[in-house]
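Text of final03.pdb (PDB, C-alpha atoms) as supplied:
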ATOM      1  CA  GLU A   1      -2.051  26.577  61.461
ATOM      2  CA  ALA A   2      -3.578  29.568  63.244
ATOM      3  CA  GLY A   3      -6.820  30.896  61.833
ATOM      4  CA  VAL A   4      -7.905  34.458  61.203
ATOM      5  CA  THR A   5      -7.919  36.418  64.438
ATOM      6  CA  GLN A   6      -9.922  39.558  65.172
ATOM      7  CA  SER A   7     -10.145  41.966  68.061
ATOM      8  CA  PRO A   8     -12.047  43.115  69.912
ATOM      9  CA  ARG A   9     -14.778  40.472  69.925
ATOM     10  CA  TYR A  10     -17.414  42.944  71.121
ATOM     11  CA  ALA A  11     -17.840  46.723  71.114
ATOM     12  CA  VAL A  12     -20.628  48.947  72.432
ATOM     13  CA  LEU A  13     -20.653  52.630  71.461
ATOM     14  CA  GLN A  14     -22.800  55.719  71.593
ATOM     15  CA  GLU A  15     -23.662  57.352  68.276
ATOM     16  CA  GLY A  16     -20.864  59.643  67.118
ATOM     17  CA  GLN A  17     -18.068  57.673  68.747
ATOM     18  CA  ALA A  18     -15.181  56.121  66.803
ATOM     19  CA  VAL A  19     -14.086  52.498  66.834
ATOM     20  CA  SER A  20     -11.349  50.412  65.226
ATOM     21  CA  PHE A  21     -11.336  46.725  64.417
ATOM     22  CA  TRP A  22      -8.142  44.740  63.937
ATOM     23  CA  CYS A  23      -7.565  41.626  61.844
ATOM     24  CA  ASP A  24      -4.627  39.229  61.579
ATOM     25  CA  PRO A  25      -5.074  36.973  58.533
ATOM     26  CA  ILE A  26      -3.708  33.474  58.001
ATOM     27  CA  SER A  27       0.025  33.635  57.344
ATOM     28  CA  GLY A  28       0.806  33.692  53.623
ATOM     29  CA  HIS A  29      -2.664  34.776  52.523
ATOM     30  CA  ASP A  30      -2.321  37.674  50.091
ATOM     31  CA  THR A  31      -5.994  38.699  49.973
ATOM     32  CA  LEU A  32      -7.883  40.159  52.926
ATOM     33  CA  TYR A  33     -11.580  41.031  53.088
ATOM     34  CA  TRP A  34     -13.823  42.970  55.432
ATOM     35  CA  TYR A  35     -17.519  42.091  55.510
ATOM     36  CA  GLN A  36     -20.466  43.585  57.386
ATOM     37  CA  GLN A  37     -23.086  41.106  58.590
ATOM     38  CA  PRO A  38     -26.288  42.649  59.987
ATOM     39  CA  ARG A  39     -28.254  40.393  62.320
ATOM     40  CA  ASP A  40     -29.981  37.508  60.489
ATOM     41  CA  GLN A  41     -28.501  38.486  57.114
ATOM     42  CA  GLY A  42     -25.674  37.229  54.936
ATOM     43  CA  PRO A  43     -22.255  38.915  54.967
ATOM     44  CA  GLN A  44     -21.838  41.891  52.628
ATOM     45  CA  LEU A  45     -18.412  42.875  51.339
ATOM     46  CA  LEU A  46     -17.133  46.288  52.408
ATOM     47  CA  VAL A  47     -13.581  46.265  51.042
ATOM     48  CA  TYR A  48     -10.809  43.904  50.045
ATOM     49  CA  PHE A  49      -7.053  44.073  49.590
ATOM     50  CA  ARG A  50      -4.517  42.160  47.651
ATOM     51  CA  ASP A  51      -1.280  42.612  49.553
ATOM     52  CA  GLU A  52      -1.353  46.295  50.607
ATOM     53  CA  ALA A  53      -3.453  47.542  47.667
ATOM     54  CA  VAL A  54      -7.183  48.239  47.869
ATOM     55  CA  ILE A  55      -8.845  46.293  45.073
ATOM     56  CA  ASP A  56     -12.490  47.142  45.699
ATOM     57  CA  ASN A  57     -13.891  49.573  48.263
ATOM     58  CA  SER A  58     -17.026  50.497  46.342
ATOM     59  CA  GLN A  59     -19.317  49.344  49.188
ATOM     60  CA  LEU A  60     -17.395  51.142  51.928
ATOM     61  CA  PRO A  61     -19.224  54.237  53.257
ATOM     62  CA  SER A  62     -16.211  56.440  52.569
ATOM     63  CA  ASP A  63     -17.331  59.393  54.611
ATOM     64  CA  ARG A  64     -17.139  57.453  57.868
ATOM     65  CA  PHE A  65     -15.396  54.139  57.182
ATOM     66  CA  SER A  66     -11.747  53.591  56.339
ATOM     67  CA  ALA A  67      -9.570  50.504  56.009
ATOM     68  CA  VAL A  68      -5.830  50.004  55.678
ATOM     69  CA  ARG A  69      -3.408  47.129  55.280
ATOM     70  CA  PRO A  70      -0.075  48.964  55.246
ATOM     71  CA  LYS A  71       2.375  46.033  55.109
ATOM     72  CA  GLY A  72       0.161  43.556  53.332
ATOM     73  CA  THR A  73      -0.424  41.550  56.503
ATOM     74  CA  ASN A  74      -2.632  42.870  59.359
ATOM     75  CA  SER A  75      -5.490  45.233  58.661
ATOM     76  CA  THR A  76      -7.540  47.833  60.520
ATOM     77  CA  LEU A  77     -11.107  48.897  59.783
ATOM     78  CA  LYS A  78     -12.185  52.164  61.399
ATOM     79  CA  ILE A  79     -15.564  53.807  61.802
ATOM     80  CA  GLN A  80     -15.104  57.512  62.403
ATOM     81  CA  SER A  81     -18.546  58.489  63.700
ATOM     82  CA  ALA A  82     -20.734  55.489  64.352
ATOM     83  CA  LYS A  83     -24.474  55.428  63.649
ATOM     84  CA  GLN A  84     -27.129  53.052  64.954
ATOM     85  CA  GLY A  85     -27.384  51.605  61.445
ATOM     86  CA  ASP A  86     -23.782  50.399  61.763
ATOM     87  CA  THR A  87     -24.868  47.836  64.360
ATOM     88  CA  ALA A  88     -23.690  44.513  62.906
ATOM     89  CA  THR A  89     -20.949  41.920  63.103
ATOM     90  CA  TYR A  90     -17.789  42.870  61.224
ATOM     91  CA  LEU A  91     -16.041  39.866  59.723
ATOM     92  CA  CYS A  92     -12.505  39.635  58.423
ATOM     93  CA  ALA A  93     -11.546  36.888  55.978
ATOM     94  CA  SER A  94      -8.416  35.936  54.079
ATOM     95  CA  SER A  95      -7.525  33.761  51.113
ATOM     96  CA  PHE A  96      -4.600  32.864  48.931
ATOM     97  CA  GLY A  97      -5.294  33.923  45.389
ATOM     98  CA  GLY A  98      -8.469  35.101  43.722
ATOM     99  CA  GLY A  99     -12.170  34.639  44.121
ATOM    100  CA  LYS A 100     -12.453  31.036  43.011
ATOM    101  CA  TYR A 101     -10.635  29.944  46.179
ATOM    102  CA  GLU A 102     -12.197  29.563  49.586
ATOM    103  CA  GLN A 103     -12.077  32.378  52.092
ATOM    104  CA  TYR A 104     -11.323  31.730  55.762
ATOM    105  CA  PHE A 105     -13.266  33.856  58.195
ATOM    106  CA  GLY A 106     -12.430  35.114  61.651
ATOM    107  CA  PRO A 107     -14.972  35.043  64.514
ATOM    108  CA  GLY A 108     -16.014  38.641  63.905
ATOM    109  CA  THR A 109     -16.477  41.730  66.050
ATOM    110  CA  ARG A 110     -20.032  42.309  67.211
ATOM    111  CA  LEU A 111     -20.695  46.068  67.240
ATOM    112  CA  THR A 112     -23.676  47.647  68.965
ATOM    113  CA  VAL A 113     -24.278  51.378  68.493
ATOM    114  CA  LEU A 114     -26.726  52.824  71.007
TER
ATOM    115  CA  GLY B   1     -25.612  42.996  39.639
ATOM    116  CA  ASP B   2     -24.849  39.511  40.905
ATOM    117  CA  SER B   3     -27.284  37.945  43.352
ATOM    118  CA  VAL B   4     -27.973  34.722  45.237
ATOM    119  CA  THR B   5     -31.435  33.642  46.393
ATOM    120  CA  GLN B   6     -32.058  31.036  49.056
ATOM    121  CA  THR B   7     -35.708  30.085  49.062
ATOM    122  CA  GLU B   8     -35.970  28.814  52.622
ATOM    123  CA  GLY B   9     -35.267  31.188  55.456
ATOM    124  CA  GLN B  10     -35.714  28.442  58.046
ATOM    125  CA  VAL B  11     -35.842  24.648  57.896
ATOM    126  CA  ALA B  12     -36.797  22.390  60.805
ATOM    127  CA  LEU B  13     -36.121  18.652  60.569
ATOM    128  CA  SER B  14     -35.751  15.590  62.760
ATOM    129  CA  GLU B  15     -32.535  13.537  62.921
ATOM    130  CA  GLU B  16     -32.074  11.226  59.929
ATOM    131  CA  ASP B  17     -34.361  13.346  57.727
ATOM    132  CA  PHE B  18     -33.312  14.283  54.181
ATOM    133  CA  LEU B  19     -32.245  17.911  53.707
ATOM    134  CA  THR B  20     -32.594  20.165  50.682
ATOM    135  CA  ILE B  21     -31.846  23.895  50.755
ATOM    136  CA  HIS B  22     -32.547  25.638  47.475
ATOM    137  CA  CYS B  23     -30.063  28.135  45.998
ATOM    138  CA  ASN B  24     -30.471  30.020  42.740
ATOM    139  CA  TYR B  25     -28.105  32.616  41.386
ATOM    140  CA  SER B  26     -27.937  35.430  38.872
ATOM    141  CA  ALA B  27     -24.549  36.415  37.488
ATOM    142  CA  SER B  28     -22.839  37.188  34.230
ATOM    143  CA  GLY B  29     -20.278  34.782  32.904
ATOM    144  CA  TYR B  30     -19.346  31.610  34.726
ATOM    145  CA  PRO B  31     -19.290  32.121  38.496
ATOM    146  CA  ALA B  32     -17.763  29.823  41.073
ATOM    147  CA  LEU B  33     -20.411  28.641  43.568
ATOM    148  CA  PHE B  34     -19.875  27.977  47.254
ATOM    149  CA  TRP B  35     -21.615  26.722  50.379
ATOM    150  CA  TYR B  36     -20.609  28.064  53.791
ATOM    151  CA  VAL B  37     -21.910  27.114  57.250
ATOM    152  CA  GLN B  38     -22.038  29.450  60.242
ATOM    153  CA  TYR B  39     -22.364  28.374  63.880
ATOM    154  CA  PRO B  40     -23.382  30.812  66.645
ATOM    155  CA  GLY B  41     -20.605  33.204  67.603
ATOM    156  CA  GLU B  42     -18.354  32.140  64.717
ATOM    157  CA  GLY B  43     -17.568  33.310  61.223
ATOM    158  CA  PRO B  44     -18.760  31.353  58.188
ATOM    159  CA  GLN B  45     -16.826  28.146  57.440
ATOM    160  CA  PHE B  46     -16.171  26.958  53.905
ATOM    161  CA  LEU B  47     -18.001  23.712  53.098
ATOM    162  CA  PHE B  48     -17.216  23.199  49.417
ATOM    163  CA  ARG B  49     -17.302  24.818  45.994
ATOM    164  CA  ALA B  50     -17.936  23.991  42.331
ATOM    165  CA  SER B  51     -16.554  25.900  39.358
ATOM    166  CA  ARG B  52     -18.108  24.370  36.249
ATOM    167  CA  ASP B  53     -21.386  23.022  34.973
ATOM    168  CA  LYS B  54     -22.382  19.586  36.359
ATOM    169  CA  GLU B  55     -19.498  19.591  38.866
ATOM    170  CA  LYS B  56     -20.458  18.180  42.264
ATOM    171  CA  GLY B  57     -19.022  19.638  45.416
ATOM    172  CA  SER B  58     -19.206  17.731  48.691
ATOM    173  CA  SER B  59     -18.031  17.734  52.291
ATOM    174  CA  ARG B  60     -19.159  16.223  55.623
ATOM    175  CA  GLY B  61     -22.024  14.380  53.875
ATOM    176  CA  PHE B  62     -23.359  17.534  52.230
ATOM    177  CA  GLU B  63     -23.347  17.878  48.462
ATOM    178  CA  ALA B  64     -24.507  20.165  45.665
ATOM    179  CA  THR B  65     -24.273  20.049  41.874
ATOM    180  CA  TYR B  66     -23.622  23.081  39.683
ATOM    181  CA  ASN B  67     -26.530  23.445  37.239
ATOM    182  CA  LYS B  68     -25.839  26.242  34.807
ATOM    183  CA  GLU B  69     -29.060  25.810  32.841
ATOM    184  CA  ALA B  70     -31.202  26.097  35.950
ATOM    185  CA  THR B  71     -28.758  28.575  37.593
ATOM    186  CA  SER B  72     -28.938  26.480  40.754
ATOM    187  CA  PHE B  73     -26.660  24.939  43.391
ATOM    188  CA  HIS B  74     -29.006  23.192  45.846
ATOM    189  CA  LEU B  75     -27.548  21.787  49.068
ATOM    190  CA  GLN B  76     -28.531  18.252  50.069
ATOM    191  CA  LYS B  77     -27.747  15.779  52.807
ATOM    192  CA  ALA B  78     -29.229  12.308  53.077
ATOM    193  CA  SER B  79     -29.444  12.079  56.864
ATOM    194  CA  VAL B  80     -29.076  15.135  59.075
ATOM    195  CA  GLN B  81     -27.835  15.110  62.668
ATOM    196  CA  GLU B  82     -28.536  17.482  65.531
ATOM    197  CA  SER B  83     -24.956  18.775  65.182
ATOM    198  CA  ASP B  84     -25.817  20.045  61.665
ATOM    199  CA  SER B  85     -27.983  22.766  63.203
ATOM    200  CA  ALA B  86     -26.525  26.041  61.913
ATOM    201  CA  VAL B  87     -27.046  28.754  59.285
ATOM    202  CA  TYR B  88     -26.110  27.769  55.734
ATOM    203  CA  TYR B  89     -25.101  30.311  53.087
ATOM    204  CA  CYS B  90     -24.874  29.888  49.352
ATOM    205  CA  ALA B  91     -22.430  32.289  47.685
ATOM    206  CA  LEU B  92     -20.911  33.072  44.319
ATOM    207  CA  SER B  93     -17.737  34.617  42.988
ATOM    208  CA  ALA B  94     -18.216  35.999  39.507
ATOM    209  CA  ASN B  95     -15.574  35.492  36.859
ATOM    210  CA  ALA B  96     -12.059  36.228  38.107
ATOM    211  CA  GLY B  97     -13.081  38.587  40.881
ATOM    212  CA  ALA B  98     -12.448  37.842  44.541
ATOM    213  CA  LYS B  99     -15.721  39.272  45.800
ATOM    214  CA  LEU B 100     -18.126  36.770  47.367
ATOM    215  CA  THR B 101     -21.840  37.533  47.043
ATOM    216  CA  PHE B 102     -23.830  35.704  49.727
ATOM    217  CA  GLY B 103     -27.452  34.647  49.842
ATOM    218  CA  GLY B 104     -29.644  35.544  52.784
ATOM    219  CA  GLY B 105     -28.934  32.301  54.628
ATOM    220  CA  THR B 106     -31.064  29.348  55.757
ATOM    221  CA  ARG B 107     -31.308  28.484  59.439
ATOM    222  CA  LEU B 108     -31.393  24.698  59.878
ATOM    223  CA  THR B 109     -32.711  23.286  63.147
ATOM    224  CA  VAL B 110     -32.490  19.534  63.660
ATOM    225  CA  ARG B 111     -34.513  17.979  66.490
ATOM    226  CA  PRO B 112     -33.054  14.946  68.271
TER
END

Structure encoded using structure tokens:
Amino acid sequence: EAGVTQSPRYAVLQEGQAVSFWCDPISGHDTLYWYQQPRDQGPQLLVYFRDEAVIDNSQLPSDRFSAVRPKGTNSTLKIQSAKQGDTATYLCASSFGGGKYEQYFGPGTRLTVL
Amino acid sequence: GDSVTQTEGQVALSEEDFLTIHCNYSASGYPALFWYVQYPGEGPQFLFRASRDKEKGSSRGFEATYNKEATSFHLQKASVQESDSAVYYCALSANAGAKLTFGGGTRLTVRP
């Protein structure tokens, strides 16, 4: 069974530039999550979907970040105008069912904003 | 809000030593508790979970017991190996929600 895949693996931007991250979850998983993991810290949830619906985006900086999952499968996370404080690894995870079930994480995209 | 506290930021041991990483949580209701392990350049990997008081979760020689009274879920392993070197995260999922709240992580280094 293929795991969660993410691309790109690395991105380096200047402040003010835009970037998109792509995630392909495990086949059949209805729930997809995006986490931000600053260096030497634990992952912090940004947004999650069940099928194509956003369930919780309360931690997503809505003025610059957006996330979609239009067909309930792949997902894209976009940063419109990156800031140095956005430097982190962006992790995608998927699961089948609710929060009491394990989440499977992709390798992440390491973003550096100069 | 919900929170997870891992006491040790870093732990350094020799092979065959006994490991304990302390995890305490704060959450309303009856959260599910998890341990994840993260190797360099990878995302966190699920180790195991426990969903009710006194339940023991275990995997790969690691174990932890859900203690609701003490609000704890401490990770233990009887004899660590160099290959166990990684960052370990305790996490919780409160009630029926899907959101995982992670602790700050504990970096384990095992010397051969």

| request: Residues of chain B no more than 9 Å from chain A, counting all atoms listed in the file: send them over as a VMD selection string. | output: chain B and resid 31 to 34 41 to 51 89 92 to 105

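Between atom CA of B:Glu8 and atom CA of B:Thr71 lies a distance of 16.7 Å.
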
Please identify all polymer residues within 8 Å of A:Leu114, counting all atoms listed in the file, omitting same-chain residues fewer than 2 positions from it, and present them as an mmCIF file with C-alpha atoms, keeping the file's coordinate frame.
data_model
loop_
_atom_site.group_PDB
_atom_site.id
_atom_site.type_symbol
_atom_site.label_atom_id
_atom_site.label_comp_id
_atom_site.auth_asym_id
_atom_site.auth_seq_id
_atom_site.Cartn_x
_atom_site.Cartn_y
_atom_site.Cartn_z
ATOM 1 C CA VAL A 12 -20.628 48.947 72.432
ATOM 2 C CA LEU A 13 -20.653 52.630 71.461
ATOM 3 C CA GLN A 14 -22.800 55.719 71.593
ATOM 4 C CA GLU A 15 -23.662 57.352 68.276
ATOM 5 C CA GLN A 84 -27.129 53.052 64.954
ATOM 6 C CA THR A 112 -23.676 47.647 68.965
#

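Closest to A:Ser7 among A:Ser94, A:Ser75, A:Lys83, A:Arg39 is A:Ser75, based on all atoms listed in the file.
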
| field | Exercise: B:Arg111 partners within 8 Å, only C-alpha atoms, chain neighbours under 3 positions left out, as a PyMOL selection string | value | chain B and resi 12-15+82

| message | Please enumerate the residues selected by the PyMOL selection byres ((chain B and resi 62) around 7) when evaluated against the supplied file, formatted as a count of residues only. | response | 8

| So what do you get for atom CA of A:Phe96 versus atom CA of B:Thr106, distance-wise? | 27.6 Å

| query | Of the candidates B:Thr109, B:Asn24, B:Gln38, B:Gln10, which shows the shortest atom-to-atom distance to B:Asn67, using all atoms listed in the file? | reply | B:Asn24

| Chain and number of each residue from the PyMOL selection byres ((chain A and resi 19) around 8), as number ranges by chain | A: 17-18, 20-21, 78-80, 82

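Relative to atom CA of B:Val110, atom CA of B:Asp17 is found at 8.8 Å.
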
| task | Please evaluate the PyMOL selection byres ((chain B and resi 23) around 6) against the displayed coordinates and give the resulting residues as a PyMOL selection string. | result | chain B and resi 5-6+22+24+72-74

Axis-aligned box over every listed atom of stretch 25-28 of chain B, padded by 5 Å per side: centre and edges in Å to one decimal, as AutoDock Vina command-line options?
--center_x -25.5 --center_y 34.9 --center_z 37.8 --size_x 15.3 --size_y 14.6 --size_z 17.2

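Distances to A:Thr87 were evaluated for A:Asp51, A:His29, A:Arg69, A:Tyr10 using only C-alpha atoms, and the minimum falls at A:Tyr10.
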